[in-house]
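Structure below is query.txt: compact mmCIF, C-alpha atoms and all ligand atoms.
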# COMPACT_ATOMS: atom_id res chain seq x y z
CA MET B 1 -17.17 76.17 58.37
CA GLN B 2 -17.35 75.28 62.03
CA VAL B 3 -19.43 77.59 64.22
CA CYS B 4 -18.25 77.46 67.84
CA ARG B 5 -19.99 79.02 70.82
CA THR B 6 -17.82 77.88 73.70
CA VAL B 7 -14.14 78.32 74.49
CA ASP B 8 -13.60 74.55 74.45
CA GLU B 9 -15.22 74.22 71.00
CA ILE B 10 -13.09 76.91 69.35
CA ARG B 11 -9.90 75.65 71.01
CA SER B 12 -10.54 72.18 69.70
CA ALA B 13 -11.40 73.54 66.20
CA VAL B 14 -8.15 75.52 66.12
CA ALA B 15 -6.15 72.50 67.29
CA THR B 16 -7.53 70.51 64.34
CA LEU B 17 -6.90 73.34 61.84
CA ARG B 18 -3.35 73.75 63.12
CA ALA B 19 -2.51 70.26 61.84
CA ASN B 20 -2.58 71.75 58.30
CA GLY B 21 -0.45 74.82 59.01
CA SER B 22 -0.62 78.27 60.56
CA VAL B 23 -3.83 79.97 61.69
CA GLY B 24 -4.82 83.62 61.12
CA LEU B 25 -7.38 85.41 63.28
CA VAL B 26 -9.82 88.22 62.51
CA THR B 27 -11.69 89.61 65.52
CA THR B 28 -14.94 91.46 64.77
CA MET B 29 -18.11 92.72 66.38
CA GLY B 30 -20.16 91.44 63.43
CA ALA B 31 -22.31 93.45 60.98
CA LEU B 32 -19.61 92.49 58.52
CA HIS B 33 -18.76 94.59 55.48
CA ALA B 34 -16.08 94.69 52.79
CA GLY B 35 -13.59 96.12 55.30
CA HIS B 36 -13.86 92.97 57.44
CA MET B 37 -13.69 90.78 54.36
CA ALA B 38 -10.41 92.52 53.39
CA LEU B 39 -9.04 91.42 56.78
CA VAL B 40 -10.21 87.87 56.10
CA ALA B 41 -8.60 87.92 52.63
CA ALA B 42 -5.30 89.22 54.08
CA ALA B 43 -5.35 86.46 56.70
CA GLN B 44 -6.18 83.82 54.07
CA ALA B 45 -3.27 84.97 51.91
CA ASP B 46 -0.84 84.32 54.78
CA HIS B 47 -2.27 81.26 56.55
CA ALA B 48 -3.56 77.75 55.93
CA ALA B 49 -6.67 78.45 58.00
CA VAL B 50 -8.58 81.49 59.18
CA VAL B 51 -10.70 81.90 62.30
CA VAL B 52 -13.13 84.82 62.76
CA THR B 53 -14.64 85.93 66.05
CA ILE B 54 -17.98 87.74 66.27
CA PHE B 55 -18.60 89.30 69.68
CA VAL B 56 -20.17 92.66 70.47
CA ASN B 57 -17.95 93.46 73.44
CA PRO B 58 -19.93 95.25 76.16
CA THR B 59 -16.88 96.55 78.03
CA GLN B 60 -15.75 98.83 75.19
CA PHE B 61 -19.03 100.78 75.11
CA GLY B 62 -19.35 103.66 77.57
CA ASP B 63 -22.98 104.34 76.71
CA PRO B 64 -25.47 101.45 77.14
CA ALA B 65 -27.65 102.99 74.38
CA ASP B 66 -24.69 102.78 71.96
CA LEU B 67 -24.22 99.10 72.86
CA ALA B 68 -27.95 98.36 72.44
CA ALA B 69 -28.01 100.13 69.05
CA TYR B 70 -24.96 98.27 67.71
CA PRO B 71 -26.13 96.29 64.64
CA ARG B 72 -26.38 92.50 65.02
CA ARG B 73 -26.72 90.30 61.95
CA ASP B 74 -25.34 86.89 62.88
CA ASP B 75 -27.06 84.89 60.12
CA ALA B 76 -25.96 87.22 57.33
CA ASP B 77 -22.44 87.38 58.82
CA LEU B 78 -22.14 83.59 58.97
CA ALA B 79 -23.31 83.26 55.35
CA LEU B 80 -20.72 85.82 54.24
CA LEU B 81 -17.91 84.09 56.13
CA ALA B 82 -18.89 80.63 54.85
CA ALA B 83 -18.95 81.95 51.26
CA ALA B 84 -15.48 83.45 51.80
CA GLY B 85 -14.10 80.05 52.85
CA VAL B 86 -13.46 80.89 56.52
CA ASP B 87 -12.63 77.74 58.47
CA ALA B 88 -14.12 78.46 61.89
CA VAL B 89 -16.14 81.17 63.60
CA PHE B 90 -16.25 81.84 67.33
CA LEU B 91 -19.59 83.36 68.31
CA PRO B 92 -19.65 83.39 72.12
CA ASP B 93 -22.19 84.96 74.45
CA ALA B 94 -21.09 87.53 77.03
CA ALA B 95 -20.91 84.95 79.84
CA ALA B 96 -18.40 82.87 77.86
CA ILE B 97 -16.03 85.84 77.65
CA TYR B 98 -16.80 87.43 81.03
CA PRO B 99 -17.76 84.49 83.27
CA PRO B 100 -19.13 85.24 86.76
CA GLY B 101 -16.30 86.39 89.02
CA ASP B 102 -14.25 87.78 86.11
CA GLN B 103 -12.13 90.70 87.34
CA THR B 104 -8.92 91.02 85.33
CA ILE B 105 -8.55 93.91 82.91
CA VAL B 106 -5.85 94.82 80.41
CA ASP B 107 -5.04 98.51 80.05
CA ALA B 108 -2.35 100.19 77.97
CA VAL B 109 -2.47 102.93 80.58
CA THR B 110 -1.12 106.05 78.88
CA LEU B 111 -1.96 105.27 75.27
CA ALA B 112 -5.50 104.15 76.12
CA GLN B 113 -6.36 107.47 77.75
CA ALA B 114 -4.85 109.71 75.09
CA TYR B 115 -6.43 111.04 71.89
CA HIS B 116 -9.64 109.12 71.04
CA GLY B 117 -9.39 107.49 74.46
CA ALA B 118 -10.14 110.88 76.02
CA VAL B 119 -13.35 111.13 73.94
CA ARG B 120 -14.40 107.58 74.91
CA PRO B 121 -13.12 106.92 78.46
CA GLY B 122 -12.62 103.20 79.11
CA HIS B 123 -13.07 102.25 75.46
CA PHE B 124 -9.52 101.06 74.82
CA ARG B 125 -9.36 99.24 78.16
CA GLY B 126 -12.40 97.24 77.02
CA VAL B 127 -10.82 96.60 73.63
CA ALA B 128 -7.47 95.57 75.13
CA THR B 129 -9.16 93.24 77.61
CA VAL B 130 -11.38 91.47 75.09
CA VAL B 131 -8.66 91.21 72.44
CA THR B 132 -6.28 89.66 74.98
CA LYS B 133 -8.96 87.14 75.92
CA LEU B 134 -9.68 86.34 72.25
CA PHE B 135 -5.95 85.93 71.51
CA ASN B 136 -5.60 83.54 74.45
CA ILE B 137 -8.72 81.61 73.49
CA ALA B 138 -7.97 81.26 69.76
CA GLY B 139 -4.22 80.66 70.03
CA ALA B 140 -3.70 81.89 66.44
CA ASP B 141 -0.34 82.75 64.91
CA ALA B 142 -1.34 86.17 63.59
CA ALA B 143 -4.22 88.64 63.83
CA TYR B 144 -5.42 91.24 61.30
CA PHE B 145 -6.86 94.65 62.16
CA GLY B 146 -8.07 97.58 60.08
CA GLU B 147 -5.90 100.70 59.96
CA LYS B 148 -9.07 102.81 60.19
CA ASP B 149 -9.02 102.09 63.93
CA TYR B 150 -5.54 103.55 64.07
CA GLN B 151 -5.25 103.99 67.83
CA GLN B 152 -6.89 100.61 68.47
CA LEU B 153 -4.18 99.01 66.32
CA ALA B 154 -1.50 100.87 68.33
CA VAL B 155 -3.06 99.73 71.64
CA ILE B 156 -3.11 96.12 70.42
CA ARG B 157 0.51 96.26 69.24
CA GLN B 158 1.41 97.72 72.64
CA LEU B 159 -0.34 95.01 74.67
CA VAL B 160 1.17 92.24 72.56
CA ARG B 161 4.63 93.72 73.14
CA ASP B 162 4.12 94.41 76.85
CA LEU B 163 2.52 91.06 77.70
CA PHE B 164 4.72 88.96 75.36
CA VAL B 165 1.65 87.55 73.61
CA PRO B 166 2.93 85.11 70.96
CA ILE B 167 1.00 86.49 67.98
CA SER B 168 1.98 88.77 65.11
CA ILE B 169 -0.22 91.78 64.40
CA HIS B 170 -0.96 93.03 60.88
CA GLY B 171 -2.59 96.31 59.88
CA VAL B 172 -4.77 96.28 56.74
CA PRO B 173 -5.55 99.48 54.78
CA THR B 174 -8.96 101.10 55.24
CA VAL B 175 -11.62 100.09 52.71
CA ARG B 176 -13.80 102.99 51.51
CA ASP B 177 -17.06 103.47 49.67
CA GLY B 178 -16.85 105.17 46.27
CA ASP B 179 -17.44 108.57 47.88
CA GLY B 180 -14.55 108.07 50.31
CA LEU B 181 -16.46 107.16 53.48
CA ALA B 182 -14.49 104.57 55.45
CA LEU B 183 -16.54 101.38 55.79
CA SER B 184 -17.80 100.85 59.33
CA SER B 185 -20.63 98.87 60.88
CA ARG B 186 -21.72 102.20 62.38
CA ASN B 187 -22.48 103.56 58.90
CA LEU B 188 -25.65 101.41 58.96
CA ARG B 189 -27.01 103.68 61.71
CA LEU B 190 -26.56 106.95 59.79
CA THR B 191 -29.67 108.69 58.50
CA PRO B 192 -29.63 109.18 54.70
CA GLY B 193 -28.76 112.86 55.22
CA ASP B 194 -25.90 112.05 57.60
CA ARG B 195 -24.67 109.28 55.28
CA ALA B 196 -24.48 111.81 52.45
CA ALA B 197 -22.62 114.27 54.70
CA ALA B 198 -20.14 111.79 56.26
CA PRO B 199 -17.57 111.71 53.39
CA ILE B 200 -16.56 115.20 54.59
CA LEU B 201 -14.19 113.35 56.96
CA HIS B 202 -12.23 111.80 54.14
CA ARG B 203 -12.21 115.07 52.19
CA ALA B 204 -10.84 116.86 55.27
CA LEU B 205 -8.12 114.22 55.72
CA ARG B 206 -7.08 114.48 52.08
CA ALA B 207 -6.91 118.26 52.31
CA ALA B 208 -4.81 117.97 55.50
CA ALA B 209 -2.43 115.64 53.65
CA ASP B 210 -2.10 118.23 50.87
CA THR B 211 -1.39 120.93 53.46
CA VAL B 212 1.50 118.89 54.87
CA ARG B 213 2.81 117.89 51.44
CA HIS B 214 2.94 121.56 50.49
CA GLY B 215 5.15 122.38 53.46
CA GLY B 216 2.46 123.07 56.09
CA THR B 217 2.86 122.15 59.73
CA VAL B 218 0.83 119.71 61.78
CA GLU B 219 -0.99 122.71 63.28
CA ASP B 220 -1.84 123.94 59.74
CA ALA B 221 -3.17 120.46 58.90
CA ALA B 222 -5.39 120.48 62.02
CA GLN B 223 -6.73 123.88 61.03
CA THR B 224 -7.48 122.67 57.49
CA ILE B 225 -9.50 119.80 58.93
CA ALA B 226 -11.40 122.00 61.39
CA GLU B 227 -12.29 124.49 58.64
CA ILE B 228 -13.52 121.81 56.22
CA VAL B 229 -15.57 119.88 58.80
CA ALA B 230 -17.11 123.18 59.97
CA THR B 231 -18.62 123.63 56.49
CA GLU B 232 -20.83 120.57 57.12
CA PRO B 233 -23.64 121.44 59.58
CA ARG B 234 -24.46 117.76 60.17
CA ALA B 235 -20.94 117.06 61.50
CA THR B 236 -19.74 117.91 65.01
CA LEU B 237 -16.01 117.53 65.32
CA ARG B 238 -15.00 115.50 68.40
CA GLY B 239 -11.26 115.22 67.93
CA ILE B 240 -8.30 115.84 65.64
CA ASP B 241 -5.18 114.07 66.83
CA ILE B 242 -1.94 114.06 64.90
CA VAL B 243 0.79 111.70 66.07
CA ASN B 244 4.21 110.52 65.04
CA ALA B 245 3.44 107.17 63.44
CA ALA B 246 6.54 105.51 64.91
CA ASP B 247 5.65 105.95 68.58
CA PHE B 248 2.25 107.66 68.79
CA SER B 249 3.76 110.73 70.49
CA PRO B 250 2.01 114.03 69.64
CA ALA B 251 3.38 115.49 66.40
CA THR B 252 4.16 119.20 66.19
CA GLY B 253 5.66 121.56 63.61
CA ALA B 254 6.70 120.51 60.12
CA PRO B 255 6.81 116.70 60.00
CA THR B 256 10.03 115.01 58.91
CA ALA B 257 8.81 111.43 59.46
CA PRO B 258 5.45 109.68 58.89
CA ILE B 259 2.54 111.08 60.88
CA GLY B 260 -0.93 109.68 61.52
CA ILE B 261 -3.98 111.92 61.58
CA MET B 262 -6.96 110.62 63.56
CA LEU B 263 -10.31 112.29 63.26
CA SER B 264 -13.59 111.72 65.06
CA ALA B 265 -16.92 113.44 64.44
CA GLN B 266 -20.50 112.98 65.48
CA PHE B 267 -23.33 112.68 62.94
CA GLY B 268 -26.60 112.62 64.88
CA ASP B 269 -26.01 110.00 67.59
CA VAL B 270 -23.35 108.16 65.58
CA LEU B 271 -19.66 108.78 66.28
CA LEU B 272 -17.51 108.11 63.21
CA ILE B 273 -13.73 107.93 63.08
CA ASP B 274 -11.31 108.06 60.20
CA GLN B 275 -7.57 108.18 59.78
CA LYS B 276 -4.80 108.89 57.33
CA GLU B 277 -1.09 108.21 57.53
CA ILE B 278 1.07 110.74 55.71
CA LEU B 279 4.66 110.43 54.59
CA PRO B 280 5.93 114.02 54.35
O1 LIG C 1 -12.57 96.66 65.90
C1 LIG C 1 -13.47 95.98 66.43
O2 LIG C 1 -14.39 95.51 65.79
C2 LIG C 1 -13.43 95.73 67.94
O3 LIG C 1 -12.94 96.83 68.62
C3 LIG C 1 -12.64 94.46 68.30
C4 LIG C 1 -11.18 94.57 67.92
C5 LIG C 1 -13.27 93.25 67.61
C6 LIG C 1 -12.71 94.23 69.82
O4 LIG C 1 -14.01 94.07 70.27

Can you give me the file's structure in the form of structure tokens?
Amino acid sequence: MQVCRTVDEIRSAVATLRANGSVGLVTTMGALHAGHMALVAAAQADHAAVVVTIFVNPTQFGDPADLAAYPRRDDADLALLAAAGVDAVFLPDAAAIYPPGDQTIVDAVTLAQAYHGAVRPGHFRGVATVVTKLFNIAGADAAYFGEKDYQQLAVIRQLVRDLFVPISIHGVPTVRDGDGLALSSRNLRLTPGDRAAAPILHRALRAAADTVRHGGTVEDAAQTIAEIVATEPRATLRGIDIVNAADFSPATGAPTAPIGIMLSAQFGDVLLIDQKEILP
């Protein structure tokens, strides 16, 4: 496995890999877990070679304390990726991605400010900008993203469409712990008490799905979630957003087409998100 730290190194590694066939890309911020490895496995199933990026992107964090607290485990991550048979890893420093004088941003204007974007102003602009850079640097054929970050996936699909980026985007189902908690690098920062409480999010999403399947409206589903999360004193609900899966417009009334429910809640100083897509 080739470990590249500069743009030139990863470009040359990808050029060599490309001689054997197509290249899949998995972008990460490290602290890898089984959810990331599911993205790697999906990419490996489709492509001759897989490239993984590890970069804790400063521009997608509003709060400097959140950025500083983000877990970093490069050695363990590299060992995991090597064992999984990844072909190349791009592990740049911030100056490689945002060189002095850098000033261009990518912003899916309306979508980035809606829903979770309203809870974390600027977050999706940072994601869209870094992902565009990583796509341009890696030059892969396809990229794989977790469905847990439901709005992030929508923002990335939008930017690829709008900017004619020649890459295909694949969503991969959320990987969960046995108690239903969606895997996230942020889970490492939960206190034991908050970790035990956090599966309430998945329980609330499942109950909301039942509400809709039994003829309830989107508003009923939101109320189900609010009531269930309110039973957990360690959880502070930050957002419940229910959208039409096809175009991310706000869903209302009794759904007749797939909807996506996005949920965010704070446990101590850790903001967790989860998501469920429901076919009525
Ligand atoms: O999902 C993530 O880990 C990050 O938002 C991403 C896509 C790697 C961009 O920094």

Compile the contact shell of range 67-78 of chain B as a PyMOL selection string: residues with an atom at most 9 Å away, counting only C-alpha atoms, same-chain residues fewer than 6 positions apart removed. chain B and resi 1+3+29-33+54+56-58+60-61+89+91+185-186+188-189

Protein and nucleic residues near ligand LIG 1 (chain C), 8 Å, only C-alpha atoms and all ligand atoms, as a VMD selection string: chain B and resid 26 to 30 53 to 57 60 126 to 128 130 to 131 145 to 146 149 152

Determine, using only C-alpha atoms, which residues of range 49-97 of chain B have any atom at most 9 Å from an atom of range 34-37 of chain B, and tabulate each with its shortest atom pair and distance in Å to one decimal place, rows ordered by chain and then rising number, as JSON lines.
{"residue": "B:Leu80", "atom": "CA", "partner": "B:Met37", "partner_atom": "CA", "distance": 8.6}
{"residue": "B:Leu81", "atom": "CA", "partner": "B:Met37", "partner_atom": "CA", "distance": 8.1}
{"residue": "B:Ala84", "atom": "CA", "partner": "B:Met37", "partner_atom": "CA", "distance": 8.0}

Would you list the contacts of Asp107 in chain B as a list in words, taking every protein, DNA or RNA residue within 9 Å and counting only C-alpha atoms, but skipping same-chain residues closer than 5 positions in sequence? Ala112, Gly122, Phe124, Arg125, Gly126, Val127, Ala128, Thr129, Val155 and Leu159 of chain B

CA of Asp177 in chain B and CA of Glu219 in chain B, how far apart in Å? 28.5 Å

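The smallest atom-to-atom distance between Leu237 in chain B and any of B:Ala254, B:Val106, B:Ala198, B:Leu183, using all atoms listed in the file, is found for B:Ala198.
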
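Proximity ranking of B:Ala230, B:Ile97, B:Val109, B:Ala221 relative to Arg206 in chain B places B:Ala221 first, based on only C-alpha atoms.
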